[in-house]
Amino acid sequence: MNFLTSWSGGKDSCYAMMKAIENNHIPQVLFNMMNENGKISRSHGLPLTILKQQADQMNLPLEAVPATWDDYERKYVDHLKKFKNKYQLDAAVFGDIDLQAHKDWEDKVCKLANITAILPLWQQDRIVLVNEMIAARIETMIVSCNEEMGENYLGRILTKELALELERRGIDPCGENGEFHTLVINCPLFQNAIILPSFTKIKHNHYYFLNWNT
């Protein structure tokens, strides 16, 4: 099946895409929802320039759509319908692991667009998944995290040791509950590693983020 990847720029969407390709599905486009000014991704706080680097390394188009939280779902569905025709899509691939509300929403929007929702990581063990991602040579950096984790985790590369450290602290090593988000720097889907700009650290609404100098 031809598929769209719901691309956050992080490890879960990357690994889900890799698994979909392993299952002989064919990637056609990356889809990211941006904040209302279209400059920063809504989920991970990544600048458009970094997302474009990732897309370029995979030789795939990136569709980055600005939205507010109020019109997020409407725009998501409208663009799924548009992309279904533009890219001849059969399915959309998502990186969610076990949050039922997320799966329900993805099933809903895909049904409205008349495509299939594929969740290759669904209901798999979180620490096992992290280790699989690392073993699969997905190199990721923590780019945002909550107050419980603290700003010292920002900019760190996610390793098996770090995942165990987080688990010992009672923090989900996948960040599935929103504890942290990651940025894929390199992976087997990329021709080369992306080049990161310098950054500082900022705090916004109980979360720490990398503030990229782009």
# chains A, B, ... in the order shown; residues from 1 in each chain; ligands from 1

$ closest_atom_pairs --of "range 76-171 of chain A" --to "range 198-203 of chain A" --cutoff "12 Å" --atoms "only C-alpha atoms" --output "JSON lines"
{"residue": "A:Ile142", "atom": "CA", "partner": "A:Lys201", "partner_atom": "CA", "distance": 11.8}
{"residue": "A:Val143", "atom": "CA", "partner": "A:Lys201", "partner_atom": "CA", "distance": 9.3}
{"residue": "A:Ser144", "atom": "CA", "partner": "A:Lys201", "partner_atom": "CA", "distance": 9.2}
{"residue": "A:Cys145", "atom": "CA", "partner": "A:Lys203", "partner_atom": "CA", "distance": 9.6}
{"residue": "A:Asn146", "atom": "CA", "partner": "A:Lys203", "partner_atom": "CA", "distance": 9.3}
{"residue": "A:Glu147", "atom": "CA", "partner": "A:Lys203", "partner_atom": "CA", "distance": 9.1}
{"residue": "A:Gly150", "atom": "CA", "partner": "A:Lys203", "partner_atom": "CA", "distance": 10.1}
{"residue": "A:Glu151", "atom": "CA", "partner": "A:Lys201", "partner_atom": "CA", "distance": 7.5}
{"residue": "A:Asn152", "atom": "CA", "partner": "A:Lys201", "partner_atom": "CA", "distance": 9.6}
{"residue": "A:Tyr153", "atom": "CA", "partner": "A:Lys201", "partner_atom": "CA", "distance": 10.7}
{"residue": "A:Leu154", "atom": "CA", "partner": "A:Lys201", "partner_atom": "CA", "distance": 7.7}
{"residue": "A:Gly155", "atom": "CA", "partner": "A:Phe199", "partner_atom": "CA", "distance": 9.0}

$ residues_around --residues "range 104-108 of chain A" --least-positions-apart "5" --cutoff "10 Å" --atoms "only C-alpha atoms" --output "ChimeraX atom specification"
/A:6,73,77,92-94,96,99,113-119

$ write_last_selection --atoms "C-alpha atoms" --output "PDB file, in the first residue's frame"
ATOM      1  CA  SER A   6       2.368  11.107  10.310  1.00  0.00           C
ATOM      2  CA  GLU A  73      -8.790  18.060  13.375  1.00  0.00           C
ATOM      3  CA  VAL A  77      -8.911  15.480   7.750  1.00  0.00           C
ATOM      4  CA  ALA A  92      -1.473   6.531   6.920  1.00  0.00           C
ATOM      5  CA  VAL A  93       1.192   5.265   9.325  1.00  0.00           C
ATOM      6  CA  PHE A  94       1.293   6.415  12.955  1.00  0.00           C
ATOM      7  CA  ASP A  96       1.524   5.486  18.704  1.00  0.00           C
ATOM      8  CA  LEU A  99      -2.726   5.235  24.149  1.00  0.00           C
ATOM      9  CA  ALA A 113     -10.503  10.315   4.511  1.00  0.00           C
ATOM     10  CA  ASN A 114     -11.256   6.771   3.314  1.00  0.00           C
ATOM     11  CA  ILE A 115      -7.766   5.422   4.002  1.00  0.00           C
ATOM     12  CA  THR A 116      -6.436   2.782   6.413  1.00  0.00           C
ATOM     13  CA  ALA A 117      -4.722   3.652   9.689  1.00  0.00           C
ATOM     14  CA  ILE A 118      -1.606   1.529  10.280  1.00  0.00           C
ATOM     15  CA  LEU A 119       0.051   1.464  13.726  1.00  0.00           C
TER      16      LEU A 119
END

$ closest_atom_pairs --of "range 66-182 of chain A" --to "range 25-30 of chain A" --cutoff "9 Å" --atoms "only C-alpha atoms" --output "tab-separated table"
residue	atom	partner	partner_atom	distance
A:Phe83	CA	A:Val29	CA	8.6
A:Tyr87	CA	A:Gln28	CA	6.4
A:Gln88	CA	A:Gln28	CA	8.5
A:Leu89	CA	A:Gln28	CA	7.7

$ residues_around --residues "Val128 in chain A" --least-positions-apart "2" --cutoff "12 Å" --atoms "only C-alpha atoms" --output "ChimeraX atom specification"
/A:97,121,123-126,130-135,160,163-164,167,172-174

$ residues_around --residues "range 48-59 of chain A" --least-positions-apart "3" --cutoff "12 Å" --atoms "only C-alpha atoms" --output "count of residues only"
49

$ select_by_dssp --residues "range 14-214 of chain A" --states "helix (DSSP H, G or I)" --output "PDB file with C-alpha atoms, in the first residue's frame"
ATOM      1  CA  CYS A  14      10.533   6.981  12.285  1.00  0.00           C
ATOM      2  CA  TYR A  15      10.448   3.396  13.571  1.00  0.00           C
ATOM      3  CA  ALA A  16       6.800   2.977  12.567  1.00  0.00           C
ATOM      4  CA  MET A  17       7.749   4.074   9.060  1.00  0.00           C
ATOM      5  CA  MET A  18      10.655   1.623   8.971  1.00  0.00           C
ATOM      6  CA  LYS A  19       8.363  -1.226  10.074  1.00  0.00           C
ATOM      7  CA  ALA A  20       5.772  -0.296   7.450  1.00  0.00           C
ATOM      8  CA  ILE A  21       8.456  -0.426   4.759  1.00  0.00           C
ATOM      9  CA  GLU A  22       9.572  -3.831   6.085  1.00  0.00           C
ATOM     10  CA  LEU A  48      10.509  23.630   9.599  1.00  0.00           C
ATOM     11  CA  THR A  49      14.136  23.752   8.406  1.00  0.00           C
ATOM     12  CA  ILE A  50      15.007  20.638  10.441  1.00  0.00           C
ATOM     13  CA  LEU A  51      11.922  18.739   9.276  1.00  0.00           C
ATOM     14  CA  LYS A  52      12.815  19.588   5.683  1.00  0.00           C
ATOM     15  CA  GLN A  53      16.342  18.271   6.237  1.00  0.00           C
ATOM     16  CA  GLN A  54      14.893  14.949   7.390  1.00  0.00           C
ATOM     17  CA  ALA A  55      12.573  14.763   4.388  1.00  0.00           C
ATOM     18  CA  ASP A  56      15.408  15.601   2.001  1.00  0.00           C
ATOM     19  CA  GLN A  57      17.532  12.792   3.458  1.00  0.00           C
ATOM     20  CA  MET A  58      14.700  10.367   2.651  1.00  0.00           C
ATOM     21  CA  TYR A  72      -6.446  20.986  14.063  1.00  0.00           C
ATOM     22  CA  GLU A  73      -8.790  18.060  13.375  1.00  0.00           C
ATOM     23  CA  ARG A  74     -10.659  19.752  10.526  1.00  0.00           C
ATOM     24  CA  LYS A  75      -7.421  20.680   8.784  1.00  0.00           C
ATOM     25  CA  TYR A  76      -5.964  17.222   9.397  1.00  0.00           C
ATOM     26  CA  VAL A  77      -8.911  15.480   7.750  1.00  0.00           C
ATOM     27  CA  ASP A  78      -9.116  17.989   4.891  1.00  0.00           C
ATOM     28  CA  HIS A  79      -5.453  17.482   4.080  1.00  0.00           C
ATOM     29  CA  LEU A  80      -5.654  13.690   4.384  1.00  0.00           C
ATOM     30  CA  LYS A  81      -8.361  13.780   1.729  1.00  0.00           C
ATOM     31  CA  LYS A  82      -6.274  16.093  -0.437  1.00  0.00           C
ATOM     32  CA  PHE A  83      -3.128  13.977  -0.055  1.00  0.00           C
ATOM     33  CA  LYS A  84      -5.030  10.751  -0.740  1.00  0.00           C
ATOM     34  CA  ASN A  85      -5.604  11.988  -4.277  1.00  0.00           C
ATOM     35  CA  LYS A  86      -2.332  13.883  -4.690  1.00  0.00           C
ATOM     36  CA  GLN A 100      -6.213   4.158  23.099  1.00  0.00           C
ATOM     37  CA  ALA A 101      -7.514   7.711  22.705  1.00  0.00           C
ATOM     38  CA  HIS A 102      -4.795   8.413  20.136  1.00  0.00           C
ATOM     39  CA  LYS A 103      -5.608   5.260  18.167  1.00  0.00           C
ATOM     40  CA  ASP A 104      -9.316   6.064  18.253  1.00  0.00           C
ATOM     41  CA  TRP A 105      -8.620   9.536  16.822  1.00  0.00           C
ATOM     42  CA  GLU A 106      -6.348   8.172  14.110  1.00  0.00           C
ATOM     43  CA  ASP A 107      -8.889   5.533  13.119  1.00  0.00           C
ATOM     44  CA  LYS A 108     -11.539   8.263  13.002  1.00  0.00           C
ATOM     45  CA  VAL A 109      -9.657  10.737  10.789  1.00  0.00           C
ATOM     46  CA  CYS A 110      -8.484   7.996   8.435  1.00  0.00           C
ATOM     47  CA  LYS A 111     -12.018   6.647   8.088  1.00  0.00           C
ATOM     48  CA  LEU A 112     -13.214  10.146   7.184  1.00  0.00           C
ATOM     49  CA  ALA A 113     -10.503  10.315   4.511  1.00  0.00           C
ATOM     50  CA  ARG A 126       7.905   0.242  25.616  1.00  0.00           C
ATOM     51  CA  ILE A 127      11.423  -0.568  26.861  1.00  0.00           C
ATOM     52  CA  VAL A 128      11.697  -3.362  24.269  1.00  0.00           C
ATOM     53  CA  LEU A 129      10.696  -0.871  21.572  1.00  0.00           C
ATOM     54  CA  VAL A 130      13.319   1.655  22.675  1.00  0.00           C
ATOM     55  CA  ASN A 131      16.006  -1.010  22.568  1.00  0.00           C
ATOM     56  CA  GLU A 132      14.815  -2.148  19.135  1.00  0.00           C
ATOM     57  CA  MET A 133      14.987   1.429  17.838  1.00  0.00           C
ATOM     58  CA  ILE A 134      18.513   1.891  19.117  1.00  0.00           C
ATOM     59  CA  ALA A 135      19.563  -1.495  17.726  1.00  0.00           C
ATOM     60  CA  GLU A 151      16.215  20.521  31.575  1.00  0.00           C
ATOM     61  CA  ASN A 152      19.472  18.562  31.972  1.00  0.00           C
ATOM     62  CA  TYR A 153      18.043  15.845  29.717  1.00  0.00           C
ATOM     63  CA  LYS A 160      19.923   1.959  26.176  1.00  0.00           C
ATOM     64  CA  GLU A 161      21.618   3.207  29.340  1.00  0.00           C
ATOM     65  CA  LEU A 162      19.619   6.424  29.339  1.00  0.00           C
ATOM     66  CA  ALA A 163      16.381   4.502  28.741  1.00  0.00           C
ATOM     67  CA  LEU A 164      17.130   2.337  31.796  1.00  0.00           C
ATOM     68  CA  GLU A 165      17.959   5.449  33.827  1.00  0.00           C
ATOM     69  CA  LEU A 166      14.591   6.951  32.926  1.00  0.00           C
ATOM     70  CA  GLU A 167      12.793   3.705  33.768  1.00  0.00           C
ATOM     71  CA  ARG A 168      14.494   3.605  37.181  1.00  0.00           C
TER      72      ARG A 168
END

$ atom_distance --atom1 "CA of Asn177 in chain A" --atom2 "CA of Ile157 in chain A"
19.2 Å

$ atom_distance --atom1 "CA of Pro47 in chain A" --atom2 "CA of Tyr207 in chain A"
17.0 Å
